[in-house]
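As stored in model.txt (compact mmCIF, C-alpha atoms):
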# COMPACT_ATOMS: atom_id res chain seq x y z
CA MET A 1346 31.50 3.89 -129.37
CA SER A 1347 33.82 6.59 -128.07
CA VAL A 1348 36.77 7.54 -130.24
CA GLY A 1349 38.93 10.52 -129.33
CA VAL A 1350 42.39 11.90 -129.94
CA ASP A 1351 43.94 9.65 -127.31
CA THR A 1352 41.24 7.19 -126.20
CA THR A 1353 39.22 4.42 -127.85
CA ASP A 1354 36.36 2.74 -125.99
CA PHE A 1355 33.88 0.32 -127.57
CA LEU A 1356 32.73 -1.25 -124.28
CA ALA A 1357 29.22 0.23 -124.51
CA ASP A 1358 28.60 -1.06 -128.03
CA PRO A 1359 26.25 -4.02 -128.59
CA ILE A 1360 27.57 -7.29 -129.93
CA GLY A 1361 28.22 -6.88 -133.66
CA PRO A 1362 25.26 -7.53 -136.00
CA ALA A 1363 26.99 -10.26 -138.01
CA THR A 1364 27.34 -12.44 -134.91
CA VAL A 1365 23.64 -11.97 -134.11
CA ALA A 1366 22.64 -12.66 -137.72
CA ARG A 1367 24.50 -15.97 -137.87
CA ALA A 1368 22.18 -17.32 -135.19
CA LEU A 1369 19.07 -16.22 -137.11
CA VAL A 1370 19.55 -16.94 -140.82
CA HIS A 1371 19.93 -20.65 -141.34
CA GLN A 1372 17.19 -21.72 -143.74
CA PRO A 1373 17.93 -24.68 -146.06
CA GLY A 1374 20.11 -23.41 -148.89
CA GLU A 1375 20.66 -20.08 -147.11
CA GLY A 1376 24.37 -20.00 -147.86
CA ARG A 1377 26.89 -17.99 -145.91
CA LEU A 1378 26.17 -14.66 -144.33
CA LEU A 1379 27.26 -11.77 -146.57
CA TRP A 1380 26.71 -8.87 -144.17
CA ALA A 1381 24.51 -7.63 -141.35
CA ALA A 1382 23.72 -4.17 -139.97
CA TYR A 1383 21.71 -2.63 -137.15
CA ALA A 1384 19.23 0.14 -137.93
CA THR A 1385 16.58 1.98 -135.95
CA THR A 1386 15.16 4.62 -138.29
CA HIS A 1387 14.13 4.65 -141.93
CA CYS A 1388 12.45 7.18 -144.19
CA PHE A 1389 10.95 7.31 -147.68
CA ASP A 1390 12.07 9.12 -150.81
CA ILE A 1391 9.09 8.28 -153.01
CA PRO A 1392 6.93 10.75 -155.01
CA GLY A 1393 3.56 11.08 -153.30
CA LEU A 1394 4.94 10.22 -149.86
CA ASN A 1395 6.35 12.31 -147.08
CA PRO A 1396 9.66 11.12 -145.58
CA ASP A 1397 7.70 9.48 -142.74
CA GLY A 1398 5.68 7.43 -145.24
CA THR A 1399 2.42 9.36 -144.98
CA SER A 1400 0.71 10.62 -148.12
CA THR A 1401 1.66 14.11 -149.26
CA LEU A 1402 -2.07 14.78 -149.54
CA ARG A 1403 -2.22 14.74 -145.74
CA GLY A 1404 0.60 17.27 -145.34
CA GLY A 1405 3.31 17.20 -142.67
CA GLY A 1406 5.86 14.40 -142.66
CA GLY A 1407 9.03 16.46 -142.15
CA ASN A 1408 12.00 16.89 -144.46
CA LEU A 1409 14.45 14.31 -145.77
CA ALA A 1410 17.75 15.22 -144.05
CA PHE A 1411 21.06 13.57 -143.34
CA GLY A 1412 23.70 13.91 -140.68
CA GLU A 1413 24.03 12.66 -137.13
CA ASP A 1414 20.24 12.61 -136.71
CA GLY A 1415 19.50 11.30 -140.19
CA PRO A 1416 17.92 7.94 -141.01
CA ASP A 1417 19.80 4.66 -141.09
CA VAL A 1418 17.91 3.49 -144.18
CA VAL A 1419 16.22 5.33 -147.07
CA VAL A 1420 13.49 3.53 -149.05
CA TRP A 1421 13.13 4.97 -152.54
CA GLY A 1422 11.18 4.31 -155.71
CA PRO A 1423 9.07 5.74 -158.56
CA ALA A 1424 5.69 5.66 -156.76
CA PRO A 1425 3.84 4.38 -153.70
CA ASP A 1426 3.31 0.62 -153.62
CA CYS A 1427 6.59 -0.06 -155.41
CA LEU A 1428 8.41 -3.15 -154.18
CA ALA A 1429 10.70 -1.34 -151.75
CA HIS A 1430 7.73 0.55 -150.26
CA ARG A 1431 5.66 -2.62 -150.04
CA TYR A 1432 8.31 -4.45 -148.04
CA VAL A 1433 8.79 -1.72 -145.44
CA ARG A 1434 5.59 0.38 -145.28
CA ASP A 1435 4.00 -1.52 -142.37
CA ILE A 1436 7.14 -1.33 -140.23
CA PRO A 1437 7.21 1.83 -138.08
CA SER A 1438 10.40 3.89 -137.94
CA ALA A 1439 11.09 3.98 -134.22
CA SER A 1440 13.80 3.63 -131.63
CA THR A 1441 13.52 -0.17 -131.62
CA ARG A 1442 16.70 -1.75 -132.92
CA ARG A 1443 16.35 -3.80 -136.09
CA LEU A 1444 18.72 -6.13 -137.88
CA TRP A 1445 19.14 -6.21 -141.67
CA THR A 1446 20.86 -9.32 -142.99
CA LEU A 1447 21.97 -10.21 -146.52
CA THR A 1448 22.61 -13.79 -147.65
CA PRO A 1449 22.79 -15.30 -151.16
CA GLN A 1450 19.11 -16.21 -150.72
CA ARG A 1451 17.47 -13.08 -149.27
CA LEU A 1452 17.59 -9.76 -147.48
CA ALA A 1453 16.02 -10.43 -144.08
CA LEU A 1454 14.76 -7.95 -141.50
CA HIS A 1455 14.40 -8.78 -137.81
CA THR A 1456 13.25 -6.56 -134.96
CA GLU A 1457 14.17 -6.64 -131.29
CA LEU A 1458 11.61 -8.28 -129.03
CA THR A 1459 9.94 -6.27 -126.28
CA PRO A 1460 10.76 -7.78 -122.86
CA PRO A 1461 7.75 -9.58 -121.33
CA PRO A 1462 6.08 -7.92 -118.32
CA ARG A 1463 7.44 -8.92 -114.94
CA GLU A 1464 5.35 -11.38 -112.94
CA GLU A 1465 4.74 -8.98 -110.04
CA ASP A 1466 3.29 -6.43 -112.48
CA ALA A 1467 0.55 -8.82 -113.59
CA PRO A 1468 -2.66 -9.17 -111.52
CA GLN A 1469 -2.50 -12.12 -109.09
CA SER A 1470 -5.30 -14.23 -107.69
CA GLY A 1471 -5.10 -16.76 -104.88
CA PHE A 1472 -2.84 -16.96 -101.83
CA LEU A 1473 -0.19 -19.26 -103.38
CA ALA A 1474 0.09 -17.16 -106.53
CA LYS A 1475 0.55 -13.99 -104.51
CA ALA A 1476 3.10 -15.67 -102.22
CA ALA A 1477 5.12 -16.96 -105.20
CA SER A 1478 5.01 -13.53 -106.81
CA GLY A 1479 6.19 -11.93 -103.57
CA LEU A 1480 9.14 -14.32 -103.28
CA ALA A 1481 10.08 -13.68 -106.91
CA LYS A 1482 9.96 -9.94 -106.29
CA ILE A 1483 12.19 -10.24 -103.20
CA GLY A 1484 14.72 -12.31 -105.16
CA ARG A 1485 14.72 -9.83 -107.99
CA GLU A 1486 15.22 -6.90 -105.64
CA LEU A 1487 18.20 -8.64 -104.02
CA ALA A 1488 19.72 -9.25 -107.46
CA GLU A 1489 19.14 -5.61 -108.40
CA ARG A 1490 20.91 -4.45 -105.24
CA VAL A 1491 23.93 -6.57 -106.18
CA SER A 1492 23.87 -5.21 -109.73
CA GLU A 1493 23.71 -1.63 -108.44
CA HIS A 1494 27.37 -1.97 -107.53
CA ARG A 1495 28.33 -3.12 -111.02
CA LEU A 1496 29.37 -0.74 -113.74
CA ARG A 1497 27.18 -0.54 -116.82
CA PHE A 1498 28.38 0.15 -120.34
CA GLY A 1499 25.22 0.68 -122.33
CA ALA A 1500 23.42 -2.67 -122.07
CA ASN A 1501 26.67 -4.43 -121.11
CA VAL A 1502 27.28 -5.12 -117.43
CA GLU A 1503 30.48 -5.52 -115.46
CA ASP A 1504 31.59 -9.15 -115.05
CA GLU A 1505 28.78 -10.48 -117.24
CA PRO A 1506 29.29 -11.79 -120.80
CA VAL A 1507 28.09 -9.50 -123.56
CA ALA A 1508 24.69 -10.93 -124.52
CA LEU A 1509 22.97 -11.38 -127.87
CA PRO A 1510 19.63 -9.55 -128.26
CA ALA A 1511 16.39 -11.47 -128.85
CA LEU A 1512 14.86 -10.72 -132.26
CA GLU A 1513 12.00 -11.92 -134.43
CA PRO A 1514 11.57 -11.83 -138.26
CA VAL A 1515 9.31 -9.14 -139.75
CA ALA A 1516 10.09 -9.05 -143.49
CA GLU A 1517 12.32 -10.43 -146.21
CA ILE A 1518 13.12 -9.73 -149.84
CA PRO A 1519 14.00 -12.74 -152.04
CA ARG A 1520 17.35 -12.39 -153.78
CA SER A 1521 15.57 -12.91 -157.11
CA ARG A 1522 13.99 -9.45 -156.65
CA ILE A 1523 17.39 -7.79 -156.18
CA VAL A 1524 19.14 -6.74 -159.40
CA GLY A 1525 22.18 -4.96 -158.02
CA ILE A 1526 24.08 -3.80 -154.95
CA GLU A 1527 26.78 -1.16 -155.19
CA ALA A 1528 28.37 1.82 -153.46
CA ALA A 1529 26.61 5.04 -154.44
CA HIS A 1530 25.92 8.54 -153.18
CA ARG A 1531 22.76 10.23 -151.97
CA GLY A 1532 23.79 13.82 -152.57
CA SER A 1533 27.23 13.98 -150.97
CA VAL A 1534 26.52 11.11 -148.54
CA PRO A 1535 27.96 7.67 -149.41
CA VAL A 1536 25.49 4.78 -149.22
CA LEU A 1537 25.22 1.08 -149.99
CA ARG A 1538 22.50 0.94 -152.64
CA LEU A 1539 20.28 -2.09 -153.17
CA ARG A 1540 18.26 -1.97 -156.41
CA LEU A 1541 15.11 -4.02 -157.03
CA VAL A 1542 13.57 -5.29 -160.27
CA ASP A 1543 10.94 -2.51 -160.48
CA ARG A 1544 13.51 0.32 -160.25
CA SER A 1545 12.87 0.93 -156.58
CA GLY A 1546 15.41 0.23 -153.88
CA ILE A 1547 16.90 0.76 -150.44
CA ASP A 1548 19.90 2.89 -149.48
CA PHE A 1549 21.79 1.78 -146.38
CA LEU A 1550 23.68 4.39 -144.37
CA VAL A 1551 23.75 2.37 -141.07
CA GLY A 1552 26.60 4.38 -139.60
CA MET A 1553 28.82 4.34 -142.69
CA THR A 1554 30.31 7.77 -143.36
CA ASP A 1555 33.00 7.04 -145.94
CA ARG A 1556 33.05 5.71 -149.49
CA ASP A 1557 35.61 3.07 -148.50
CA GLU A 1558 33.18 1.53 -146.05
CA CYS A 1559 30.43 1.35 -148.68
CA GLU A 1560 32.81 -0.20 -151.22
CA TYR A 1561 33.80 -2.80 -148.67
CA ALA A 1562 30.11 -3.55 -148.02
CA ALA A 1563 29.45 -3.82 -151.78
CA GLY A 1564 32.29 -6.33 -152.07
CA LEU A 1565 30.74 -8.44 -149.31
CA SER A 1566 27.31 -8.16 -150.98
CA ASN A 1567 28.53 -9.57 -154.26
CA GLY A 1568 30.44 -12.47 -152.78
CA GLU A 1569 33.79 -11.07 -153.75
CA PRO A 1570 36.88 -11.40 -151.56
CA SER A 1571 36.67 -8.91 -148.71
CA LEU A 1572 38.09 -5.60 -149.85
CA ARG A 1573 40.76 -3.98 -147.70
CA PRO A 1574 40.93 -0.47 -149.13
CA GLY A 1575 42.55 1.08 -146.09
CA ALA A 1576 40.88 3.32 -143.56
CA ARG A 1577 40.63 6.70 -145.20
CA ALA A 1578 37.49 7.54 -143.23
CA GLU A 1579 37.25 11.31 -143.20
CA TRP A 1580 35.41 11.43 -139.89
CA VAL A 1581 38.57 10.33 -138.13
CA ALA A 1582 41.20 12.06 -140.30
CA LYS A 1583 41.57 15.23 -138.22
CA LEU A 1584 41.60 13.26 -134.97
CA ALA A 1585 44.31 10.99 -136.38
CA GLU A 1586 46.60 13.84 -137.37
CA LYS A 1587 46.10 15.59 -134.04
CA SER A 1588 46.81 12.35 -132.19
CA ARG A 1589 50.04 11.80 -134.10
CA LYS A 1590 51.24 15.31 -133.31
CA LEU A 1591 50.38 14.93 -129.63
CA ALA A 1592 52.35 11.67 -129.58
CA GLU A 1593 55.52 13.59 -130.38
CA ARG A 1594 55.50 14.56 -126.71
CA LEU A 1595 55.73 10.86 -125.79
CA VAL A 1596 59.11 10.32 -127.48
CA GLY A 1597 62.59 11.80 -127.38
CA PRO A 1598 63.62 15.07 -129.05
CA GLY A 1599 63.96 14.73 -132.81
CA GLU A 1600 62.33 11.28 -132.88
CA GLN A 1601 59.93 11.14 -135.83
CA VAL A 1602 56.56 9.62 -135.02
CA LEU A 1603 55.10 7.55 -137.85
CA LEU A 1604 52.07 6.20 -136.03
CA ALA A 1605 50.53 6.61 -132.59
CA GLY A 1606 47.78 4.48 -131.13
CA THR A 1607 45.33 5.47 -128.42
CA THR A 1608 44.72 4.11 -124.97
CA ASN A 1609 42.28 1.36 -125.80
CA TYR A 1610 39.98 -0.10 -123.16
CA GLY A 1611 39.39 -3.78 -123.79
CA TYR A 1612 40.80 -7.27 -123.45
CA ALA A 1613 43.52 -8.91 -125.50
CA GLY A 1614 42.88 -12.24 -127.18
CA VAL A 1615 45.58 -14.56 -128.49
CA GLN A 1616 45.29 -17.46 -130.93
CA LEU A 1617 48.41 -19.38 -129.92
CA GLY A 1618 48.63 -22.29 -132.31
CA ARG A 1619 45.46 -24.27 -131.58
CA GLU A 1620 44.99 -22.67 -128.17
CA LEU A 1621 42.60 -19.72 -127.85
CA ARG A 1622 43.45 -17.48 -124.91
CA LEU A 1623 40.54 -15.15 -124.17
CA PRO A 1624 40.84 -13.00 -122.17
CA HIS A 1625 44.58 -13.35 -122.56
CA VAL A 1626 46.66 -13.60 -119.38
CA PRO A 1627 50.31 -12.61 -119.88
CA ILE A 1628 52.66 -15.53 -120.40
CA GLY A 1629 55.96 -13.71 -119.96
CA ARG A 1630 57.34 -11.93 -116.92
CA MET A 1631 55.66 -8.55 -116.38
CA PRO A 1632 56.63 -5.48 -114.32
CA VAL A 1633 54.58 -4.73 -111.20
CA LEU A 1634 52.09 -1.96 -111.98
CA ASN A 1635 49.70 0.21 -110.02
CA VAL A 1636 46.80 -0.56 -112.35
CA PRO A 1637 43.38 -1.48 -110.92
CA THR A 1638 41.62 -4.65 -111.99
CA PRO A 1639 39.33 -3.70 -114.88
CA ARG A 1640 35.61 -3.64 -114.13
CA TRP A 1641 34.54 -4.50 -117.65
CA PRO A 1642 31.92 -6.82 -119.11
CA ARG A 1643 33.23 -10.26 -120.04
CA PRO A 1644 33.69 -11.35 -123.67
CA ALA A 1645 30.67 -12.89 -125.36
CA ALA A 1646 30.48 -16.67 -125.65
CA THR A 1647 30.45 -16.27 -129.44
CA SER A 1648 34.00 -14.87 -129.31
CA GLN A 1649 35.23 -18.43 -128.85
CA GLU A 1650 34.20 -19.04 -132.48
CA SER A 1651 36.28 -18.27 -135.57
CA SER A 1652 36.48 -14.49 -136.10
CA GLY A 1653 33.91 -13.98 -133.33
CA TRP A 1654 36.18 -11.45 -131.63
CA LEU A 1655 35.63 -8.97 -134.47
CA ASP A 1656 32.08 -8.34 -133.19
CA ASP A 1657 32.90 -8.33 -129.48
CA PRO A 1658 33.05 -4.79 -128.03
CA THR A 1659 35.17 -5.95 -125.08
CA ILE A 1660 38.12 -7.11 -127.23
CA ALA A 1661 40.58 -4.40 -128.28
CA PHE A 1662 43.62 -6.47 -129.35
CA TRP A 1663 44.05 -9.77 -131.16
CA ALA A 1664 47.32 -11.64 -131.70
CA GLN A 1665 48.02 -14.73 -133.79
CA ALA A 1666 51.23 -16.73 -133.45
CA ASP A 1667 52.59 -20.26 -133.29
CA ARG A 1668 54.75 -19.73 -130.19
CA ALA A 1669 54.62 -17.68 -127.01
CA ASP A 1670 57.93 -15.93 -127.72
CA ARG A 1671 56.71 -14.31 -130.93
CA ASP A 1672 56.62 -10.51 -131.10
CA ALA A 1673 52.83 -10.21 -131.39
CA VAL A 1674 52.36 -12.28 -128.22
CA VAL A 1675 54.99 -10.25 -126.35
CA LEU A 1676 53.05 -7.09 -127.24
CA ALA A 1677 49.71 -8.72 -126.35
CA ASP A 1678 51.19 -9.69 -122.97
CA MET A 1679 51.97 -6.06 -122.15
CA LEU A 1680 48.72 -4.69 -123.56
CA ALA A 1681 46.77 -7.14 -121.42
CA HIS A 1682 48.93 -6.40 -118.38
CA THR A 1683 48.54 -2.61 -118.67
CA ARG A 1684 44.75 -2.94 -119.23
CA GLY A 1685 45.09 -1.07 -122.52
CA VAL A 1686 46.44 2.17 -121.03
CA ALA A 1687 49.84 1.73 -122.70
CA ARG A 1688 49.87 3.51 -126.07
CA LEU A 1689 51.51 2.03 -129.15
CA VAL A 1690 53.95 4.42 -130.82
CA VAL A 1691 55.98 3.62 -133.94
CA THR A 1692 58.87 5.87 -134.87
CA ARG A 1693 61.75 5.45 -137.30
CA ALA A 1694 63.85 4.28 -134.36
CA ARG A 1695 61.56 1.86 -132.49
CA LEU A 1696 58.18 0.37 -131.74
CA ALA A 1697 57.23 1.17 -128.15
CA LEU A 1698 54.39 0.80 -125.68
CA ILE A 1699 54.40 3.99 -123.61
CA ALA A 1700 52.61 4.55 -120.31
CA ALA A 1701 52.63 7.02 -117.43
CA THR A 1702 55.62 6.38 -115.18
CA LYS A 1703 53.39 6.65 -112.10
CA LEU A 1704 51.86 3.29 -113.09
CA LEU A 1705 55.14 1.55 -112.24
CA ALA A 1706 55.25 0.14 -108.72
CA THR A 1707 58.97 1.06 -108.54
CA PRO A 1708 59.48 4.08 -110.81
CA PRO A 1709 63.02 5.22 -111.66
CA ASP A 1710 64.58 8.16 -109.86
CA PRO A 1711 64.42 10.75 -111.26
CA ALA A 1712 61.12 9.73 -112.76
CA PRO A 1713 60.14 11.09 -116.20
CA PRO A 1714 56.39 11.55 -116.73
CA LEU A 1715 56.30 8.79 -119.36
CA THR A 1716 58.08 5.44 -119.67
CA ALA A 1717 58.42 2.89 -122.46
CA VAL A 1718 57.28 -0.35 -120.83
CA LEU A 1719 58.26 -2.34 -123.94
CA GLU A 1720 60.42 -1.60 -126.99
CA LEU A 1721 61.21 -3.45 -130.21
CA PRO A 1722 63.50 -2.38 -133.06
CA PRO A 1723 61.58 -1.39 -136.23
CA SER A 1724 63.48 -4.06 -138.17
CA ARG A 1725 61.22 -6.66 -136.51
CA ILE A 1726 58.16 -5.22 -138.31
CA ARG A 1727 57.38 -6.64 -141.75
CA GLY A 1728 54.37 -4.44 -142.45
CA ILE A 1729 51.84 -1.98 -141.02
CA VAL A 1730 48.43 -2.12 -142.67
CA ALA A 1731 45.04 -0.49 -142.19
CA GLU A 1732 42.24 -2.92 -142.96
CA PHE A 1733 38.55 -3.64 -142.68
CA ALA A 1734 37.53 -7.09 -141.48
CA GLY A 1735 34.38 -9.01 -140.65
CA ARG A 1736 30.83 -8.87 -141.99
CA SER A 1737 29.24 -6.29 -139.70
CA LEU A 1738 28.32 -2.85 -141.03
CA PRO A 1739 29.68 -0.31 -140.52
CA PRO A 1740 33.07 -2.02 -140.66
CA LYS A 1741 35.48 -0.91 -137.97
CA PRO A 1742 38.99 -0.01 -139.18
CA LEU A 1743 41.73 -2.19 -137.69
CA LEU A 1744 45.45 -1.59 -137.45
CA ARG A 1745 47.43 -4.72 -138.37
CA LEU A 1746 51.07 -5.22 -137.48
CA ASP A 1747 52.82 -8.08 -139.27
CA PHE A 1748 56.13 -9.19 -137.78
CA ARG A 1749 59.03 -10.95 -139.46
CA ASP A 1750 58.65 -13.94 -137.13
CA GLY A 1751 55.27 -14.68 -138.75
CA SER A 1752 53.07 -13.37 -135.94
CA THR A 1753 50.36 -10.72 -136.33
CA LEU A 1754 48.78 -8.21 -133.95
CA ARG A 1755 45.53 -6.37 -134.68
CA LEU A 1756 44.31 -3.34 -132.76
CA ARG A 1757 40.72 -2.08 -132.88
CA ASP A 1758 41.92 1.51 -133.17
CA PRO A 1759 40.41 3.76 -135.89
CA ILE A 1760 42.84 6.58 -135.08
CA ALA A 1761 45.94 4.43 -135.57
CA ALA A 1762 44.41 2.72 -138.62
CA ARG A 1763 43.81 6.09 -140.26
CA GLN A 1764 47.44 7.03 -139.65
CA ALA A 1765 48.64 3.73 -141.11
CA ALA A 1766 46.55 4.31 -144.26
CA ALA A 1767 48.40 7.57 -144.77
CA LEU A 1768 51.90 6.06 -144.49
Written form, structure tokens:
Amino acid sequence: MSVGVDTTDFLADPIGPATVARALVHQPGEGRLLWAAYATTHCFDIPGLNPDGTSTLRGGGGNLAFGEDGPDVVVWGPAPDCLAHRYVRDIPSASTRRLWTLTPQRLALHTELTPPPREEDAPQSGFLAKAASGLAKIGRELAERVSEHRLRFGANVEDEPVALPALEPVAEIPRSRIVGIEAAHRGSVPVLRLRLVDRSGIDFLVGMTDRDECEYAAGLSNGEPSLRPGARAEWVAKLAEKSRKLAERLVGPGEQVLLAGTTNYGYAGVQLGRELRLPHVPIGRMPVLNVPTPRWPRPAATSQESSGWLDDPTIAFWAQADRADRDAVVLADMLAHTRGVARLVVTRARLALIAATKLLATPPDPAPPLTAVLELPPSRIRGIVAEFAGRSLPPKPLLRLDFRDGSTLRLRDPIAARQAAAL
């Protein structure tokens, strides 16, 4: 994830954990997925144990610290061999990605599988076996040469669908052993706290940095309606205010900026009645632009499912409407056409998508540095809301625009969502 004052880019993120979890937790009576989260590192806060789980009698073990390099999960309890320790002690804290999943039946833990060794790396015997291995190696080398020319975004590859990781189960805690789940604090750090029957427990940080996120996760944990407390996340507050001030240069003198989005690299999706358009191709007439064809990964196959787009790092905008002439679709048309480089700006006078004039194939003369490629009067907007959505942790703040014609546009833009929460 890359979030800055004027740019948002999730293209290198993995597919969201909730989408992966849905394919893994389907035991009889499992019930619906409550939440899922990725984690790589955990540590222990248990008397008699160092943070790395070794006995204090052996010395070493490091210090329990938080911050950017802190653990994703903290296992705590009154003494070694408590329930929380027992469930996790044989699982090494390493760079391997793991998936924690909560359902009404259990808390499950899966770990990413190690890729099997390639055939040419294994010892071969016999002429035919060696010949087959050689052909396989040649084919693989040709494929690698083709892929060398493709852009990579983390594990995601240009023009290939975002893939789901392969995982296997390693542990689970029955729901009968869990007595409570709530938002709490570990020092000044907000956490989602899971308490077990023997007064031990697990604190989940998993990328959550704000109390609102933990409260949202607690609501999901307890089967309550999804909380939408806004997006007050402090980590983005300063960026949001700076972005809004910078946006004042995008509008006319004296025009008051209420909200300014970022350039947002990703596809638009549109639920048009019963038709799902993903990636969305503009329906209306569009201006000719000097914008290159995006070299992005393709949306995951799971994004064709209900709410699947929420976990897809390639999708930046999502519109819902009953007709193609609705305001949300008109905006989605232009966002798709400009490849996300047009920035949403809302002032007291208008809603506009603003882009560099040089992107126009036939710019006006004289040409200002910036041009509004689409404008709507503010009277067409029924509401602007910051919300959390989905069942992946940490939840990503969304900006939601509700229009008076009944259509809705969502933008995966933490900066704009933070500004909307402050309105």
Per-residue nearest contacts segment 1656-1720 of chain A to segment 1743-1766 of chain A, cut-off 9 Å, using all atoms listed in the file, as a tab-separated table:
residue	atom	partner	partner_atom	distance
A:Ile1660	CA	A:Arg1757	CA	8.0
A:Ala1661	CA	A:Arg1757	CA	5.2
A:Phe1662	CA	A:Leu1756	CA	4.7
A:Trp1663	CA	A:Arg1755	CA	5.1
A:Ala1664	CA	A:Leu1754	CA	4.4
A:Gln1665	CA	A:Thr1753	CA	5.3
A:Ala1666	CA	A:Ser1752	CA	4.6
A:Asp1667	CA	A:Ser1752	CA	7.4
A:Arg1668	CA	A:Ser1752	CA	8.7
A:Arg1671	CA	A:Ser1752	CA	6.3
A:Asp1672	CA	A:Ser1752	CA	6.6
A:Ala1673	CA	A:Leu1754	CA	5.2
A:Val1674	CA	A:Ser1752	CA	7.8
A:Leu1676	CA	A:Leu1754	CA	8.0
A:Ala1677	CA	A:Leu1754	CA	7.7
A:Leu1689	CA	A:Ala1761	CA	8.8
If you keep C-alpha atoms, can you produce a file of those selected residues as a short mmCIF file (atom, residue, chain, number, x, y, z; two decimals), in the coordinates of the input?
data_model
loop_
_atom_site.label_atom_id
_atom_site.label_comp_id
_atom_site.auth_asym_id
_atom_site.auth_seq_id
_atom_site.Cartn_x
_atom_site.Cartn_y
_atom_site.Cartn_z
CA ILE A 1660 38.12 -7.11 -127.23
CA ALA A 1661 40.58 -4.40 -128.28
CA PHE A 1662 43.62 -6.47 -129.35
CA TRP A 1663 44.05 -9.77 -131.16
CA ALA A 1664 47.32 -11.64 -131.70
CA GLN A 1665 48.02 -14.73 -133.79
CA ALA A 1666 51.23 -16.73 -133.45
CA ASP A 1667 52.59 -20.26 -133.29
CA ARG A 1668 54.75 -19.73 -130.19
CA ARG A 1671 56.71 -14.31 -130.93
CA ASP A 1672 56.62 -10.51 -131.10
CA ALA A 1673 52.83 -10.21 -131.39
CA VAL A 1674 52.36 -12.28 -128.22
CA LEU A 1676 53.05 -7.09 -127.24
CA ALA A 1677 49.71 -8.72 -126.35
CA LEU A 1689 51.51 2.03 -129.15
#
request  = Excluding segment 1518-1530 of chain A and residues on its chain fewer than 5 positions from it, collect all residues at most 8 Å away from it, counting only C-alpha atoms, and give them as a list in words.
outcome  = Tyr1432, Pro1449, Gln1450, Arg1451, Leu1452, Ala1453, Pro1535, Val1536, Leu1537, Arg1538, Leu1539, Arg1540, Leu1541, Val1542, Arg1556, Cys1559, Glu1560, Ala1562, Ala1563, Ser1566 and Asn1567 of chain A
Filtering to C-alpha atoms, could you give me those residues as a tab-separated table (two decimals), keeping the file's coordinate frame?
chain	number	residue	atom	x	y	z
A	1432	TYR	CA	8.31	-4.45	-148.04
A	1449	PRO	CA	22.79	-15.30	-151.16
A	1450	GLN	CA	19.11	-16.21	-150.72
A	1451	ARG	CA	17.47	-13.08	-149.27
A	1452	LEU	CA	17.59	-9.76	-147.48
A	1453	ALA	CA	16.02	-10.43	-144.08
A	1535	PRO	CA	27.96	7.67	-149.41
A	1536	VAL	CA	25.49	4.78	-149.22
A	1537	LEU	CA	25.22	1.08	-149.99
A	1538	ARG	CA	22.50	0.94	-152.64
A	1539	LEU	CA	20.28	-2.09	-153.17
A	1540	ARG	CA	18.26	-1.97	-156.41
A	1541	LEU	CA	15.11	-4.02	-157.03
A	1542	VAL	CA	13.57	-5.29	-160.27
A	1556	ARG	CA	33.05	5.71	-149.49
A	1559	CYS	CA	30.43	1.35	-148.68
A	1560	GLU	CA	32.81	-0.20	-151.22
A	1562	ALA	CA	30.11	-3.55	-148.02
A	1563	ALA	CA	29.45	-3.82	-151.78
A	1566	SER	CA	27.31	-8.16	-150.98
A	1567	ASN	CA	28.53	-9.57	-154.26
inquiry  = Please list as a list in words every residue within 8 Å of Arg1684 of chain A, counting all atoms listed in the file and excluding residues in the same chain fewer than 5 positions away.
reply    =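 Residues near the query, excluding close chain neighbours: Tyr1610, Gly1611, Tyr1612, Val1636 and Pro1639 of chain A.
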task = Within 8 Å of segment 1702-1713 of chain A, counting all atoms listed in the file, which residues show up once you throw out same-chain ones fewer than 3 positions away? Write them as number ranges by chain, please.
result = A: 1632-1636, 1716
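With atom CA of Ala1701 of chain A on one side and atom CA of Thr1608 of chain A on the other, the separation reads 11.3 Å.
Minimum atom-to-atom distance to Arg1640 of chain A, evaluated using all atoms listed in the file, belongs to A:Asn1501 out of A:Asn1501, A:Thr1607, A:Thr1353, A:Gln1616.
Computed from the coordinates, the atom CA of Ala1384 of chain A to atom CA of Pro1416 of chain A distance equals 8.5 Å.
Atom CA of Pro1644 of chain A lies 9.1 Å from atom CA of Asp1504 of chain A.
Among the candidate residues A:Gly1728, A:Gly1597, A:Ile1547, A:Pro1425, the one lying nearest to Leu1715 of chain A is A:Gly1597, with distances computed using only C-alpha atoms.
Among the candidates A:Val1686, A:Leu1447, A:Val1534, A:Ala1613, the residue lying nearest to Gly1568 of chain A is A:Leu1447 (atoms considered: all atoms listed in the file).
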query = Near Ile1436 of chain A, within 12 Å and counting only C-alpha atoms, which residues show up once chain neighbours fewer than 3 positions away are dropped, as a PyMOL selection string?
reply = chain A and resi 1385-1388+1397-1398+1420+1430-1433+1439-1441+1443+1454-1456+1514-1516
ask   = Near Val1507 of chain A, counting only C-alpha atoms, which residues have an atom at most 12 Å away, once you skip same-chain residues fewer than 5 positions from it, shown as a VMD selection string?
value = chain A and resid 1356 to 1361 1364 to 1365 1497 to 1502 1641 to 1648 1654 1656 to 1660
If I wrap all listed atoms of segment 1613-1617 of chain A in a box with edges along x, y and z and add 4 Å on each side, what are its centre and edge lengths in Å to one decimal, as JSON?
{"center_x": 45.6, "center_y": -14.1, "center_z": -128.2, "size_x": 13.5, "size_y": 18.5, "size_z": 13.4}
